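Contents: one structure, followed by commentary.
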Amino acid sequence: MIWYPYQQMKTMKEPWKIVDAEGVYLYTEDNKMIDSVSSWWSVIHGYKHPVLNEAIKSQVDRFSHVMLGGLTHEPVQLLSDKLQQYLPGDLDYCFFSDSGSVAVEVALKMALQYYMNRGEKHRTKVLSLTNAYHGDTFKTMEVGDDEDYHFVLEAFGPNKNVIHIPTEVPALEEAFETYHEELNCFIVEPLLQGAGGMRMYDVSFLQRARQLCDQYGVLLIFDEVATGFGRTGNRFVADLVLPDILVLGKALTGGYIGHAATVANKKVYDGFYGDDPNKALMHGPTFMGNALACSVALKSVELFEQQNYMSKIRKIEEITKREMDGFADERIKEVRMMGGCVCVEVYDSETLQGYQQFAYEHGVFSRPFLNYMYAMVPYVIKEEELVQVLDTMKAWFR
Ligand SMILES: *Cc1c(COP(=O)(O)O)cnc(C)c1O
């Protein structure tokens, strides 16, 4: 029996069974649909990409996996070299893990231990955003602010070591004024809060956060698991404001295999570096640096770079604006757009009941949640396919 995610098994509708997938299309036995979700925002190059398929096929004939404890291999070395060269600033030190949630856990552990290693034991608090989503594991649930996890708060009470603030500069300044001595890090999904409702905010908030973090010696963590690799219309938001720790996941492998990276700058790395074994980073997921994942991730980054994906994303944004600007309905609260993301927020979640089936019948796979209907398409989508996705969203309200 499969236990499916985020759903009541008793009332869940039968999931569509996918028998094939290619480009932006998912195939069931009797339908084909454009995947407007990119399999949870990860399949940026589309399905069955020949270059990515080949990367895995050629690696699997050597070896699929060897552990990184005491061993290393070419795919993980090439990927970390590539990320070092590709990521901005001195974000050069790459810790691999198997999922975004774990990579966020690693980032939080790094930030805490960084201060412990320096003997600053009072820095135990994490600053994070309201409506934040950072993953499904325990610490990520705590720094997140997702209604689905409020049962955790009910069981354990609010965590005294996590402070949530809205994406507003006065709240940010106040939090730093009040808590700066106890803060070890500020973690954000930069510019675009995904699972918390596709909420978009201004870069000036992040610029101010960077200043305050510098002023008070607090580490700034960007969780770019969702925003990394172009989703906001920037390669990485870290290109605009440089964090101390960057977390990548989802699109890192082009959506082929779960893998993630927690990338630290030199200052953070140096906080662990030395002769004392007690100052080492105590983490090591079994499948970190998996050779198949690293091989496909390397090719994914190369494709992104060589085939000028940023221009593809600008085109997606342009078409989306053209098609969605001025689209309104009394049931719609707001239409938001940024890079390769568009979200229609409705007042009442009932408004979206039945939309998934409607989209299916219009050849589009969509997965609205709460009050949000959205699209985060694979970047290889053609203009007419994107228009079909957006037309389907609009048609629902007619
Ligand atoms: C999806 C997501 C995660 C969790 O990644 P998993 O691979 O599902 O564990 C963490 N942070 C953000 C911003 C995400 O969107």
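Letters A, B, ... go to the chains of the structure tokens in the order shown; residues in each chain start at 1; ligands are counted from 1 in the same order.
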
Point to revise | At most 6 Å from ligand 1 (only C-alpha atoms and all ligand atoms): residue list as a list of chain:residue names | key: A:Ser99, A:Gly100, A:Ser101, A:Tyr133, A:His134, A:Gly135, A:Glu189, A:Gly194, A:Asp223, A:Glu224, A:Val225, A:Ala226, A:Lys250

May I have the residues from that selection written out with N, CA, C and O atoms, as a PDB file, in the first residue's frame?
```
ATOM      1  N   SER A  99      18.392  15.507   0.210  1.00  0.00           N
ATOM      2  CA  SER A  99      17.151  16.247  -0.038  1.00  0.00           C
ATOM      3  C   SER A  99      17.259  17.667   0.489  1.00  0.00           C
ATOM      4  O   SER A  99      18.140  17.987   1.306  1.00  0.00           O
ATOM      5  N   GLY A 100      16.351  18.504   0.026  1.00  0.00           N
ATOM      6  CA  GLY A 100      16.340  19.903   0.446  1.00  0.00           C
ATOM      7  C   GLY A 100      16.187  20.050   1.953  1.00  0.00           C
ATOM      8  O   GLY A 100      16.868  20.866   2.581  1.00  0.00           O
ATOM      9  N   SER A 101      15.285  19.260   2.538  1.00  0.00           N
ATOM     10  CA  SER A 101      15.065  19.364   3.991  1.00  0.00           C
ATOM     11  C   SER A 101      16.354  19.080   4.751  1.00  0.00           C
ATOM     12  O   SER A 101      16.708  19.797   5.695  1.00  0.00           O
ATOM     13  N   TYR A 133       8.579  28.241   4.437  1.00  0.00           N
ATOM     14  CA  TYR A 133       8.623  26.780   4.287  1.00  0.00           C
ATOM     15  C   TYR A 133      10.070  26.385   4.041  1.00  0.00           C
ATOM     16  O   TYR A 133      10.706  26.877   3.114  1.00  0.00           O
ATOM     17  N   HIS A 134      10.589  25.493   4.871  1.00  0.00           N
ATOM     18  CA  HIS A 134      11.974  25.056   4.693  1.00  0.00           C
ATOM     19  C   HIS A 134      12.118  23.545   4.658  1.00  0.00           C
ATOM     20  O   HIS A 134      13.247  23.043   4.696  1.00  0.00           O
ATOM     21  N   GLY A 135      11.000  22.814   4.616  1.00  0.00           N
ATOM     22  CA  GLY A 135      11.090  21.366   4.542  1.00  0.00           C
ATOM     23  C   GLY A 135      10.203  20.698   5.572  1.00  0.00           C
ATOM     24  O   GLY A 135       9.503  21.364   6.342  1.00  0.00           O
ATOM     25  N   GLU A 189      13.683  32.164   2.476  1.00  0.00           N
ATOM     26  CA  GLU A 189      13.515  31.857   1.060  1.00  0.00           C
ATOM     27  C   GLU A 189      13.577  33.228   0.381  1.00  0.00           C
ATOM     28  O   GLU A 189      12.655  34.031   0.539  1.00  0.00           O
ATOM     29  N   GLY A 194       7.787  29.964  -1.529  1.00  0.00           N
ATOM     30  CA  GLY A 194       7.045  29.027  -2.376  1.00  0.00           C
ATOM     31  C   GLY A 194       5.858  28.375  -1.693  1.00  0.00           C
ATOM     32  O   GLY A 194       4.707  28.815  -1.843  1.00  0.00           O
ATOM     33  N   ASP A 223      17.732  29.886   1.669  1.00  0.00           N
ATOM     34  CA  ASP A 223      17.194  28.600   1.239  1.00  0.00           C
ATOM     35  C   ASP A 223      16.711  28.778  -0.190  1.00  0.00           C
ATOM     36  O   ASP A 223      15.586  29.213  -0.436  1.00  0.00           O
ATOM     37  N   GLU A 224      17.600  28.470  -1.148  1.00  0.00           N
ATOM     38  CA  GLU A 224      17.250  28.597  -2.567  1.00  0.00           C
ATOM     39  C   GLU A 224      16.898  27.233  -3.176  1.00  0.00           C
ATOM     40  O   GLU A 224      17.116  27.002  -4.366  1.00  0.00           O
ATOM     41  N   VAL A 225      16.381  26.344  -2.329  1.00  0.00           N
ATOM     42  CA  VAL A 225      15.954  25.029  -2.817  1.00  0.00           C
ATOM     43  C   VAL A 225      14.926  25.207  -3.947  1.00  0.00           C
ATOM     44  O   VAL A 225      14.981  24.518  -4.962  1.00  0.00           O
ATOM     45  N   ALA A 226      14.018  26.177  -3.765  1.00  0.00           N
ATOM     46  CA  ALA A 226      13.010  26.433  -4.807  1.00  0.00           C
ATOM     47  C   ALA A 226      13.436  27.542  -5.760  1.00  0.00           C
ATOM     48  O   ALA A 226      13.165  27.478  -6.962  1.00  0.00           O
ATOM     49  N   LYS A 250      15.983  20.656  -5.229  1.00  0.00           N
ATOM     50  CA  LYS A 250      15.021  20.563  -6.330  1.00  0.00           C
ATOM     51  C   LYS A 250      15.654  20.541  -7.727  1.00  0.00           C
ATOM     52  O   LYS A 250      15.963  19.473  -8.224  1.00  0.00           O
TER      53      LYS A 250
END
```

Which residues of stretch 300-320 of chain A come within 12 Å of stretch 324-332 of chain A, and what is each one's closest atom pair and distance in Å (one decimal), counting only C-alpha atoms, sorted by chain and residue number, as a Markdown table?
```
| residue | atom | partner | partner_atom | distance |
| --- | --- | --- | --- | --- |
| A:Ile316 | CA | A:Met324 | CA | 11.8 |
| A:Glu317 | CA | A:Met324 | CA | 10.2 |
| A:Glu318 | CA | A:Met324 | CA | 10.0 |
| A:Ile319 | CA | A:Met324 | CA | 8.4 |
| A:Thr320 | CA | A:Met324 | CA | 5.8 |
```

Residues of the last selection are to be written out with N, CA, C and O atoms, as a short mmCIF file (atom, residue, chain, number, x, y, z; two decimals), in the first residue's frame.
```cif
data_model
loop_
_atom_site.label_atom_id
_atom_site.label_comp_id
_atom_site.auth_asym_id
_atom_site.auth_seq_id
_atom_site.Cartn_x
_atom_site.Cartn_y
_atom_site.Cartn_z
N ILE A 316 9.71 33.44 -20.73
CA ILE A 316 8.55 32.92 -19.98
C ILE A 316 7.88 34.05 -19.20
O ILE A 316 6.66 34.19 -19.21
N GLU A 317 8.71 34.87 -18.57
CA GLU A 317 8.16 35.98 -17.78
C GLU A 317 7.42 36.98 -18.67
O GLU A 317 6.33 37.44 -18.34
N GLU A 318 8.02 37.25 -19.84
CA GLU A 318 7.43 38.19 -20.79
C GLU A 318 6.06 37.70 -21.27
O GLU A 318 5.09 38.45 -21.28
N ILE A 319 6.01 36.43 -21.66
CA ILE A 319 4.75 35.85 -22.16
C ILE A 319 3.71 35.83 -21.04
O ILE A 319 2.54 36.16 -21.24
N THR A 320 4.16 35.47 -19.84
CA THR A 320 3.23 35.39 -18.70
C THR A 320 2.63 36.77 -18.43
O THR A 320 1.42 36.91 -18.23
#
```

Practice item. Can you list, as a ChimeraX atom specification, all residues belonging to stretch 186-389 of chain A that DSSP tags as helix (DSSP H, G or I)? Key: /A:203-216,237-239,250-253,266-270,277-279,291-306,309-324,349-352,355-361,383-389

Practice item. Skip A:Lys279 itself and residues of its chain fewer than 6 positions away, then list as a PyMOL selection string all residues within 10 Å of it, counting only C-alpha atoms. Key: chain A and resi 113-114+116-118+271-273

Review point. Given the choices A:Asp214, A:Asp81, A:Glu147, A:Asp98, which gets closest to A:Thr286 if the distance is worked out from only C-alpha atoms?
Key: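 Among the listed residues, the smallest separation from A:Thr286 belongs to A:Asp98.
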
Revision key, fill the gap. The distance between atom CA of A:Leu112 and atom CA of A:Lys267 is 13.9 Å

Exercise for review: Excluding A:Gly233 and residues on its chain fewer than 5 positions from it, collect all residues at most 8 Å away from it, counting only C-alpha atoms, and give them as number ranges by chain.
Suggested key: A: 310, 313-314, 317, 338-340

Exercise for review: Based on DSSP run over this structure's backbone, return all residues of stretch 94-333 of chain A in strand (DSSP E), as a VMD selection string.
Suggested key: chain A and resid 94 to 97 125 to 129 162 to 165 183 to 188 192 to 193 199 to 200 219 to 223 245 to 248 260 to 264 332 to 333

Since we have the selection now, will you write its residues out, keeping N, CA, C and O atoms, as a compact mmCIF listing (two decimals), in the first residue's frame?
```txt
# COMPACT_ATOMS: atom_id res chain seq x y z
N CYS A 94 31.11 23.04 -0.45
CA CYS A 94 29.88 22.35 -0.80
C CYS A 94 29.67 21.10 0.04
O CYS A 94 30.46 20.15 -0.04
N PHE A 95 28.61 21.07 0.83
CA PHE A 95 28.27 19.86 1.59
C PHE A 95 27.03 19.25 0.94
O PHE A 95 25.98 19.88 0.88
N PHE A 96 27.15 18.01 0.47
CA PHE A 96 26.04 17.40 -0.26
C PHE A 96 25.15 16.57 0.66
O PHE A 96 25.61 16.01 1.66
N SER A 97 23.88 16.50 0.30
CA SER A 97 22.95 15.63 1.02
C SER A 97 21.86 15.18 0.06
O SER A 97 21.87 15.57 -1.11
N LYS A 125 19.47 31.35 18.90
CA LYS A 125 18.19 31.65 18.24
C LYS A 125 18.32 31.78 16.73
O LYS A 125 19.33 32.22 16.20
N VAL A 126 17.23 31.35 16.07
CA VAL A 126 17.13 31.46 14.61
C VAL A 126 16.03 32.46 14.28
O VAL A 126 14.93 32.38 14.83
N LEU A 127 16.35 33.39 13.40
CA LEU A 127 15.32 34.31 12.90
C LEU A 127 14.83 33.77 11.56
O LEU A 127 15.63 33.35 10.72
N SER A 128 13.50 33.75 11.39
CA SER A 128 12.96 33.28 10.10
C SER A 128 11.68 34.05 9.79
O SER A 128 11.27 34.91 10.56
N LEU A 129 11.09 33.74 8.65
CA LEU A 129 9.95 34.53 8.18
C LEU A 129 8.61 33.87 8.49
O LEU A 129 8.51 32.65 8.57
N VAL A 162 13.16 30.01 18.00
CA VAL A 162 12.83 30.47 16.65
C VAL A 162 11.94 31.70 16.73
O VAL A 162 10.95 31.71 17.45
N ILE A 163 12.32 32.73 16.00
CA ILE A 163 11.53 33.97 15.96
C ILE A 163 11.09 34.20 14.52
O ILE A 163 11.92 34.18 13.60
N HIS A 164 9.79 34.41 14.34
CA HIS A 164 9.26 34.65 12.98
C HIS A 164 8.91 36.12 12.80
O HIS A 164 8.30 36.72 13.66
N ILE A 165 9.31 36.65 11.66
CA ILE A 165 8.93 38.03 11.34
C ILE A 165 8.38 38.10 9.91
O ILE A 165 8.75 37.29 9.06
N LEU A 183 21.09 35.77 18.37
CA LEU A 183 20.83 35.18 17.04
C LEU A 183 22.09 34.53 16.49
O LEU A 183 23.17 35.11 16.56
N ASN A 184 21.94 33.32 15.94
CA ASN A 184 23.07 32.77 15.17
C ASN A 184 22.83 32.93 13.67
O ASN A 184 23.77 33.08 12.90
N CYS A 185 21.57 32.89 13.26
CA CYS A 185 21.33 33.05 11.82
C CYS A 185 19.95 33.60 11.51
O CYS A 185 19.04 33.56 12.33
N PHE A 186 19.84 34.10 10.30
CA PHE A 186 18.56 34.51 9.73
C PHE A 186 18.40 33.68 8.46
O PHE A 186 19.23 33.75 7.56
N ILE A 187 17.35 32.85 8.43
CA ILE A 187 17.13 32.00 7.26
C ILE A 187 15.91 32.48 6.49
O ILE A 187 14.86 32.77 7.09
N VAL A 188 16.06 32.61 5.17
CA VAL A 188 14.94 33.06 4.32
C VAL A 188 14.89 32.29 3.02
O VAL A 188 15.91 31.81 2.52
N LEU A 192 11.04 34.92 -3.08
CA LEU A 192 9.83 34.14 -3.38
C LEU A 192 9.66 33.06 -2.32
O LEU A 192 10.49 32.16 -2.21
N GLN A 193 8.59 33.19 -1.54
CA GLN A 193 8.26 32.13 -0.58
C GLN A 193 7.31 31.17 -1.27
O GLN A 193 6.17 31.52 -1.57
N ARG A 199 4.54 33.82 -2.20
CA ARG A 199 4.56 35.23 -1.78
C ARG A 199 5.86 35.87 -2.26
O ARG A 199 6.93 35.31 -2.10
N MET A 200 5.73 37.05 -2.85
CA MET A 200 6.90 37.71 -3.44
C MET A 200 7.20 38.98 -2.66
O MET A 200 6.28 39.67 -2.25
N LEU A 219 24.75 35.08 10.86
CA LEU A 219 24.88 34.44 9.55
C LEU A 219 23.57 34.53 8.77
O LEU A 219 22.49 34.33 9.32
N LEU A 220 23.70 34.82 7.49
CA LEU A 220 22.53 34.91 6.61
C LEU A 220 22.47 33.65 5.75
O LEU A 220 23.43 33.31 5.06
N ILE A 221 21.35 32.94 5.84
CA ILE A 221 21.17 31.71 5.07
C ILE A 221 20.07 31.91 4.03
O ILE A 221 18.96 32.31 4.37
N PHE A 222 20.40 31.66 2.78
CA PHE A 222 19.37 31.66 1.73
C PHE A 222 18.99 30.22 1.43
O PHE A 222 19.82 29.42 0.98
N ASP A 223 17.73 29.89 1.67
CA ASP A 223 17.19 28.60 1.24
C ASP A 223 16.71 28.78 -0.19
O ASP A 223 15.59 29.21 -0.44
N ILE A 245 25.50 31.27 3.75
CA ILE A 245 25.24 29.86 3.44
C ILE A 245 24.09 29.82 2.44
O ILE A 245 23.09 30.52 2.60
N LEU A 246 24.27 29.01 1.40
CA LEU A 246 23.26 28.90 0.34
C LEU A 246 22.82 27.44 0.27
O LEU A 246 23.66 26.54 0.28
N VAL A 247 21.51 27.22 0.21
CA VAL A 247 21.01 25.85 0.11
C VAL A 247 20.36 25.64 -1.25
O VAL A 247 19.51 26.42 -1.67
N LEU A 248 20.81 24.60 -1.95
CA LEU A 248 20.26 24.26 -3.26
C LEU A 248 19.65 22.86 -3.22
O LEU A 248 20.16 21.98 -2.53
N ALA A 260 20.91 17.51 -2.91
CA ALA A 260 20.91 18.89 -2.46
C ALA A 260 22.31 19.27 -2.01
O ALA A 260 23.17 18.41 -1.81
N ALA A 261 22.52 20.57 -1.88
CA ALA A 261 23.84 21.05 -1.45
C ALA A 261 23.67 22.20 -0.47
O ALA A 261 22.82 23.08 -0.66
N THR A 262 24.47 22.19 0.57
CA THR A 262 24.57 23.32 1.49
C THR A 262 25.94 23.93 1.23
O THR A 262 26.96 23.28 1.47
N VAL A 263 25.94 25.14 0.71
CA VAL A 263 27.20 25.74 0.27
C VAL A 263 27.58 26.89 1.20
O VAL A 263 26.80 27.84 1.36
N ALA A 264 28.74 26.79 1.80
CA ALA A 264 29.18 27.80 2.78
C ALA A 264 30.24 28.71 2.17
O ALA A 264 30.96 28.31 1.24
N ILE A 332 -10.82 36.64 -7.38
CA ILE A 332 -9.35 36.67 -7.32
C ILE A 332 -8.86 37.82 -6.45
O ILE A 332 -9.27 38.97 -6.62
N LYS A 333 -7.98 37.48 -5.53
CA LYS A 333 -7.41 38.50 -4.64
C LYS A 333 -6.23 39.18 -5.32
O LYS A 333 -6.08 40.40 -5.27
```
